[in-house]
Amino acid sequence: MITYITLIIATAILALISYKLFKKDILSPSFIVSVTYFASIVAAFLAKIFNLWNNEEISFKIVSIIIIGIISFILGEFIIKKTISKLKKKKDINEDSNYKIIKISNIKMIIICVFLIITFINIFYQMVNITGISDNIPQMINAYREQTPLFNKEDSTISIDTFAMQMYRAADLFAVFFIFIIINNLLLKDKIKNNLKYCIPILISIIITLFVSGRTPLVKLFVSGFFMGVMLYRKYYNKEINIKLLLKIGTMLLLGILIIFYLVMPLIGRNQQTNIVNYITFYLGSPIPSFNELMDRGEVGNSEHFGQETFSGIQAFLNRFGLIDYYTPYESQWINFDGLYGNTFSGVRNYYSDFGIFGVIILQILFAIVVTTMYIMAKNNKSKFYMIFFTFFGAYMLIDQYRAEKMFGSFITLDTVIYFVYMIIIYIFLFKDKKDLKKLVNRGKEIINGERNYKKN
């Protein structure tokens, strides 16, 4: 029990240090990481003292790995902020006319909604063909889910086709863009009724993502919306939201997400095997006890080649193009806690398994540098694109770090490149009119002509 209390106190202190160190920035990556680890270990501790699902003791070794990982992350953020602190800050966003109430034409809305409906129909019929089930949607979703690598280690090749997957990715992004539009407009005092139509593509996108990927994309949407709201509020009103109010909103939002998850489980083929209190504490608290259980089993540190767990996404990309001749597909490990099964082991587990404690230090520093750079660009740059990019990719990596590694395994992959291209296309389609495109073309010509003149000289 003492190890839980030690980790609770340590993560609380680290959260306070990062809050003070980085100028009371509630969205500071270090503060977010510290707070999420704190929430996770508190949930695990409550589950243990009230005899819920957790009967696992955690070792001081696990406690030290987690603490060192968080300290390393704080160091990484400190390094990158010190490095770029002398750069001239760009003009504040509230002085830029580019940020105003956003209106999307009815023609564009019709095109988007038709695209999303076609995407849904295409994916639905492919899932019916794969599972052979058409009269029971929850059963069909569960049957399709069992064909994924998460559950099927023998034959995980059955999936919707590549074209449908590309449509799914675009649908996923449309939801984030329209969340941005709604939050932006409401903060600029636009009427709620003027933004109701923007909820339509969000709802269709959510339905599509629930069919294909379960609840994870829904988490990303909530996280993106939370970060967008705070960042846009700062830019438009030039002040911080009260930290007590923000923590209260964040806590209510988190509990709301988990309650929604619990309620929609039967709709997506999941069984409500436990009560909602068990479910919430398990979702938040299981990663660290699961990491400890893996350590006790001797299933940590058994990598057969360099970065087997940490760099799985990069290795899959290199293997696909024949640049390396090895690649170990993802194999989920499950821990049974009194009938509840967990397969997340904290973000530092992969680092430690592949490279030991020095790997945790170095990779946490690198992770902090990358995600903090993304955050600073979103915070200080006048373009909407940077904020949408950070809140879609970076914010989720931060929030989910207490559960699983996302930076090297999921972000640095071919999928991210594809998402990035689609993000640019959607950004231009939604926010750029003919005049803007003409300016871009003319600017491109100027750059090309300038290069030619430079070469002549």
# chains A, B, ... in the order shown; residues from 1 in each chain; ligands from 1

$ select_by_dssp --residues "stretch 161-371 of chain A" --states "strand (DSSP E)" --output "list of chain:residue names"
A:Ile335, A:Asn336, A:Phe337, A:Leu340, A:Tyr341, A:Gly342

$ write_last_selection --atoms "C-alpha atoms" --output "PDB file, in the first residue's frame"
ATOM      1  CA  ILE A 335      -3.991  -9.054 -17.555  1.00  0.00           C
ATOM      2  CA  ASN A 336      -6.965 -10.498 -15.685  1.00  0.00           C
ATOM      3  CA  PHE A 337      -8.184  -8.448 -12.716  1.00  0.00           C
ATOM      4  CA  LEU A 340     -11.763  -7.473 -16.010  1.00  0.00           C
ATOM      5  CA  TYR A 341      -9.076  -7.679 -18.693  1.00  0.00           C
ATOM      6  CA  GLY A 342      -6.562  -4.913 -19.295  1.00  0.00           C
TER       7      GLY A 342
END

$ residues_around --residues "stretch 8-14 of chain A" --least-positions-apart "2" --cutoff "10 Å" --atoms "only C-alpha atoms" --output "PyMOL selection string"
chain A and resi 2-6+16-20+30-31+33-42+45+63-64+66-67+70-71+74

$ write_last_selection --atoms "C-alpha atoms" --output "CSV table (one decimal), in the first residue's frame"
chain,number,residue,atom,x,y,z
A,2,ILE,CA,2.9,2.3,0.8
A,3,THR,CA,4.0,2.2,-2.9
A,4,TYR,CA,0.6,3.6,-4.1
A,5,ILE,CA,0.8,6.4,-1.5
A,6,THR,CA,4.4,7.2,-2.5
A,16,LEU,CA,2.7,21.2,-9.0
A,17,ILE,CA,6.3,21.7,-10.0
A,18,SER,CA,5.5,21.6,-13.7
A,19,TYR,CA,2.6,24.0,-13.2
A,20,LYS,CA,4.9,26.5,-11.4
A,30,SER,CA,4.4,18.2,-18.4
A,31,PHE,CA,1.4,19.3,-16.3
A,33,VAL,CA,1.3,14.1,-18.2
A,34,SER,CA,1.8,14.5,-14.4
A,35,VAL,CA,-1.9,15.0,-13.8
A,36,THR,CA,-3.0,12.0,-15.9
A,37,TYR,CA,-0.5,9.7,-14.1
A,38,PHE,CA,-1.8,11.1,-10.8
A,39,ALA,CA,-5.4,10.3,-11.7
A,40,SER,CA,-4.5,6.8,-12.8
A,41,ILE,CA,-2.7,5.9,-9.6
A,42,VAL,CA,-5.4,7.4,-7.5
A,45,PHE,CA,-5.4,3.0,-5.1
A,63,VAL,CA,7.3,3.5,-8.8
A,64,SER,CA,10.8,4.6,-9.6
A,66,ILE,CA,7.2,6.0,-13.5
A,67,ILE,CA,8.7,8.9,-11.5
A,70,ILE,CA,7.8,12.0,-15.6
A,71,ILE,CA,10.9,13.9,-14.5
A,74,ILE,CA,9.6,17.6,-17.6

$ closest_atom_pairs --of "stretch 182-221 of chain A" --to "stretch 156-172 of chain A" --cutoff "10 Å" --atoms "only C-alpha atoms" --output "CSV"
residue,atom,partner,partner_atom,distance
A:Pro201,CA,A:Ala171,CA,8.3
A:Ile202,CA,A:Ala171,CA,8.7
A:Ile204,CA,A:Ala171,CA,8.3
A:Ser205,CA,A:Ala171,CA,5.3
A:Ile206,CA,A:Asp172,CA,7.7
A:Ile207,CA,A:Ala171,CA,10.0
A:Ile208,CA,A:Tyr168,CA,7.2
A:Thr209,CA,A:Asp172,CA,6.8
A:Val212,CA,A:Tyr168,CA,8.2
A:Ser213,CA,A:Tyr168,CA,9.8
A:Pro217,CA,A:Asp172,CA,7.6
A:Leu218,CA,A:Asp172,CA,9.5
A:Lys220,CA,A:Asp172,CA,9.8
A:Leu221,CA,A:Asp172,CA,9.0

$ write_last_selection --atoms "C-alpha atoms" --output "tab-separated table (two decimals), in the first residue's frame"
chain	number	residue	atom	x	y	z
A	201	PRO	CA	-21.06	15.66	-39.97
A	202	ILE	CA	-19.71	15.19	-36.42
A	204	ILE	CA	-22.09	10.78	-38.78
A	205	SER	CA	-18.33	10.62	-38.28
A	206	ILE	CA	-18.77	9.36	-34.72
A	207	ILE	CA	-21.06	6.57	-35.93
A	208	ILE	CA	-18.51	5.56	-38.58
A	209	THR	CA	-15.60	5.52	-36.12
A	212	VAL	CA	-14.54	0.61	-37.28
A	213	SER	CA	-12.36	1.57	-34.32
A	217	PRO	CA	-11.60	8.02	-31.76
A	218	LEU	CA	-14.38	9.33	-29.53
A	220	LYS	CA	-9.68	11.89	-29.34
A	221	LEU	CA	-12.64	14.10	-30.24

$ select_by_dssp --residues "stretch 209-411 of chain A" --states "helix (DSSP H, G or I)" --output "PyMOL selection string"
chain A and resi 209-213+216-237+243-268+276-285+287-297+312-320+349-380+384-402+407-411

$ closest_residue --among "A:Ile102, A:Ile80, A:Ile357, A:Leu267" --to "A:Asp190" --atoms "only C-alpha atoms"
A:Ile102

$ closest_residue --among "A:Ile280, A:Gln364, A:Pro266, A:Phe211" --to "A:Asn122" --atoms "only C-alpha atoms"
A:Phe211

$ closest_residue --among "A:Ile121, A:Val128, A:Ile200, A:Ala368" --to "A:Ala395" --atoms "only C-alpha atoms"
A:Ala368

$ residues_around --residues "A:Gly409" --least-positions-apart "2" --cutoff "9 Å" --atoms "only C-alpha atoms" --output "PyMOL selection string"
chain A and resi 309-314+405-407+411-413

$ write_last_selection --atoms "N, CA and C atoms" --output "mmCIF file, in the first residue's frame"
data_model
loop_
_atom_site.group_PDB
_atom_site.id
_atom_site.type_symbol
_atom_site.label_atom_id
_atom_site.label_comp_id
_atom_site.auth_asym_id
_atom_site.auth_seq_id
_atom_site.Cartn_x
_atom_site.Cartn_y
_atom_site.Cartn_z
ATOM 1 N N GLU A 309 9.314 -3.219 -29.384
ATOM 2 C CA GLU A 309 8.028 -2.700 -28.920
ATOM 3 C C GLU A 309 7.902 -1.196 -29.142
ATOM 4 N N THR A 310 8.985 -0.471 -28.927
ATOM 5 C CA THR A 310 8.939 0.984 -29.023
ATOM 6 C C THR A 310 8.731 1.462 -30.453
ATOM 7 N N PHE A 311 9.465 0.883 -31.393
ATOM 8 C CA PHE A 311 9.461 1.364 -32.774
ATOM 9 C C PHE A 311 8.696 0.436 -33.711
ATOM 10 N N SER A 312 7.652 -0.183 -33.232
ATOM 11 C CA SER A 312 6.900 -1.145 -34.047
ATOM 12 C C SER A 312 6.293 -0.489 -35.282
ATOM 13 N N GLY A 313 5.807 0.748 -35.132
ATOM 14 C CA GLY A 313 5.213 1.438 -36.275
ATOM 15 C C GLY A 313 6.237 1.758 -37.348
ATOM 16 N N ILE A 314 7.405 2.222 -36.926
ATOM 17 C CA ILE A 314 8.476 2.544 -37.875
ATOM 18 C C ILE A 314 8.961 1.278 -38.564
ATOM 19 N N GLU A 405 2.017 3.875 -25.034
ATOM 20 C CA GLU A 405 2.950 4.668 -25.821
ATOM 21 C C GLU A 405 2.345 4.966 -27.191
ATOM 22 N N LYS A 406 2.336 6.231 -27.572
ATOM 23 C CA LYS A 406 1.735 6.625 -28.845
ATOM 24 C C LYS A 406 2.730 7.329 -29.771
ATOM 25 N N MET A 407 3.781 7.889 -29.223
ATOM 26 C CA MET A 407 4.691 8.724 -29.993
ATOM 27 C C MET A 407 5.416 7.935 -31.084
ATOM 28 N N PHE A 411 2.429 7.508 -33.817
ATOM 29 C CA PHE A 411 2.511 8.816 -34.483
ATOM 30 C C PHE A 411 3.520 8.811 -35.633
ATOM 31 N N ILE A 412 4.696 8.255 -35.387
ATOM 32 C CA ILE A 412 5.734 8.224 -36.435
ATOM 33 C C ILE A 412 5.490 6.997 -37.303
ATOM 34 N N THR A 413 4.448 7.062 -38.130
ATOM 35 C CA THR A 413 4.067 5.960 -39.005
ATOM 36 C C THR A 413 3.567 6.509 -40.332
#

$ residues_around --residues "A:Ile243" --least-positions-apart "5" --cutoff "10 Å" --atoms "only C-alpha atoms" --output "PyMOL selection string"
chain A and resi 24-26+248-249

$ residues_around --residues "A:Leu187" --least-positions-apart "2" --cutoff "12 Å" --atoms "only C-alpha atoms" --output "PDB file with C-alpha atoms, in the first residue's frame"
ATOM      1  CA  TYR A  99      -9.685  34.296 -36.910  1.00  0.00           C
ATOM      2  CA  LYS A 100     -13.334  35.162 -37.134  1.00  0.00           C
ATOM      3  CA  ILE A 101     -16.712  33.454 -37.197  1.00  0.00           C
ATOM      4  CA  ILE A 102     -16.407  30.624 -39.705  1.00  0.00           C
ATOM      5  CA  PHE A 180     -13.060  23.418 -34.127  1.00  0.00           C
ATOM      6  CA  ILE A 181     -15.569  25.467 -36.129  1.00  0.00           C
ATOM      7  CA  ILE A 182     -18.291  25.173 -33.487  1.00  0.00           C
ATOM      8  CA  ILE A 183     -15.995  26.069 -30.570  1.00  0.00           C
ATOM      9  CA  ASN A 184     -14.456  28.937 -32.526  1.00  0.00           C
ATOM     10  CA  ASN A 185     -17.842  30.402 -33.433  1.00  0.00           C
ATOM     11  CA  LYS A 189     -20.525  34.915 -29.622  1.00  0.00           C
ATOM     12  CA  ASP A 190     -22.130  33.383 -32.685  1.00  0.00           C
ATOM     13  CA  LYS A 191     -25.661  32.067 -32.127  1.00  0.00           C
ATOM     14  CA  ILE A 192     -26.011  28.404 -31.258  1.00  0.00           C
ATOM     15  CA  ASN A 195     -23.914  26.140 -35.694  1.00  0.00           C
ATOM     16  CA  MET A 228      -9.255  23.734 -28.636  1.00  0.00           C
ATOM     17  CA  GLY A 229     -11.633  25.397 -26.201  1.00  0.00           C
ATOM     18  CA  VAL A 230      -8.901  26.385 -23.757  1.00  0.00           C
ATOM     19  CA  MET A 231      -6.475  27.567 -26.441  1.00  0.00           C
ATOM     20  CA  LEU A 232      -9.051  29.594 -28.374  1.00  0.00           C
ATOM     21  CA  TYR A 233     -10.378  31.138 -25.154  1.00  0.00           C
ATOM     22  CA  ARG A 234      -6.869  32.358 -24.367  1.00  0.00           C
ATOM     23  CA  LYS A 235      -6.410  33.819 -27.819  1.00  0.00           C
ATOM     24  CA  TYR A 236      -9.722  35.635 -27.997  1.00  0.00           C
ATOM     25  CA  TYR A 237      -9.940  36.897 -24.431  1.00  0.00           C
TER      26      TYR A 237
END

$ closest_residue --among "A:Tyr326, A:Tyr198, A:Phe367, A:Phe345" --to "A:Ser290" --atoms "only C-alpha atoms"
A:Phe345

$ closest_residue --among "A:Tyr396, A:Asn278, A:Arg297, A:Tyr327" --to "A:Leu52" --atoms "only C-alpha atoms"
A:Asn278

$ atom_distance --atom1 "atom CA of A:Glu299" --atom2 "atom CA of A:Gln333"
9.5 Å

$ atom_distance --atom1 "atom CA of A:Asp415" --atom2 "atom CA of A:Ser303"
24.3 Å

$ closest_residue --among "A:Asn319, A:Gln401, A:Asn302, A:Ser224" --to "A:Phe177" --atoms "only C-alpha atoms"
A:Ser224

$ atom_distance --atom1 "atom CA of A:Thr391" --atom2 "atom CA of A:Lys432"
20.6 Å

$ residues_around --residues "stretch 384-386 of chain A" --least-positions-apart "4" --cutoff "10 Å" --atoms "only C-alpha atoms" --output "JSON, numbers by chain"
{"A": [93, 98, 99, 177, 180, 374, 375, 376, 377, 378, 379, 380, 390, 391, 392, 423, 424, 427, 428, 431]}

$ write_last_selection --atoms "C-alpha atoms" --output "compact mmCIF listing (two decimals), in the first residue's frame"
# COMPACT_ATOMS: atom_id res chain seq x y z
CA ILE A 93 -3.93 35.63 -32.83
CA ASN A 98 -7.96 35.33 -40.14
CA TYR A 99 -9.69 34.30 -36.91
CA PHE A 177 -12.55 20.24 -38.08
CA PHE A 180 -13.06 23.42 -34.13
CA MET A 374 3.79 21.01 -31.56
CA TYR A 375 2.08 22.75 -28.64
CA ILE A 376 4.15 25.93 -28.95
CA MET A 377 3.46 26.14 -32.70
CA ALA A 378 -0.27 25.72 -32.07
CA LYS A 379 -0.22 28.25 -29.24
CA ASN A 380 1.75 31.01 -30.98
CA PHE A 390 -1.76 19.56 -32.40
CA THR A 391 -5.14 18.88 -30.83
CA PHE A 392 -5.75 15.88 -33.11
CA MET A 423 -5.78 17.24 -43.18
CA ILE A 424 -4.25 19.70 -45.66
CA TYR A 427 -8.27 22.48 -44.49
CA ILE A 428 -8.09 23.98 -47.98
CA PHE A 431 -11.26 27.39 -45.08
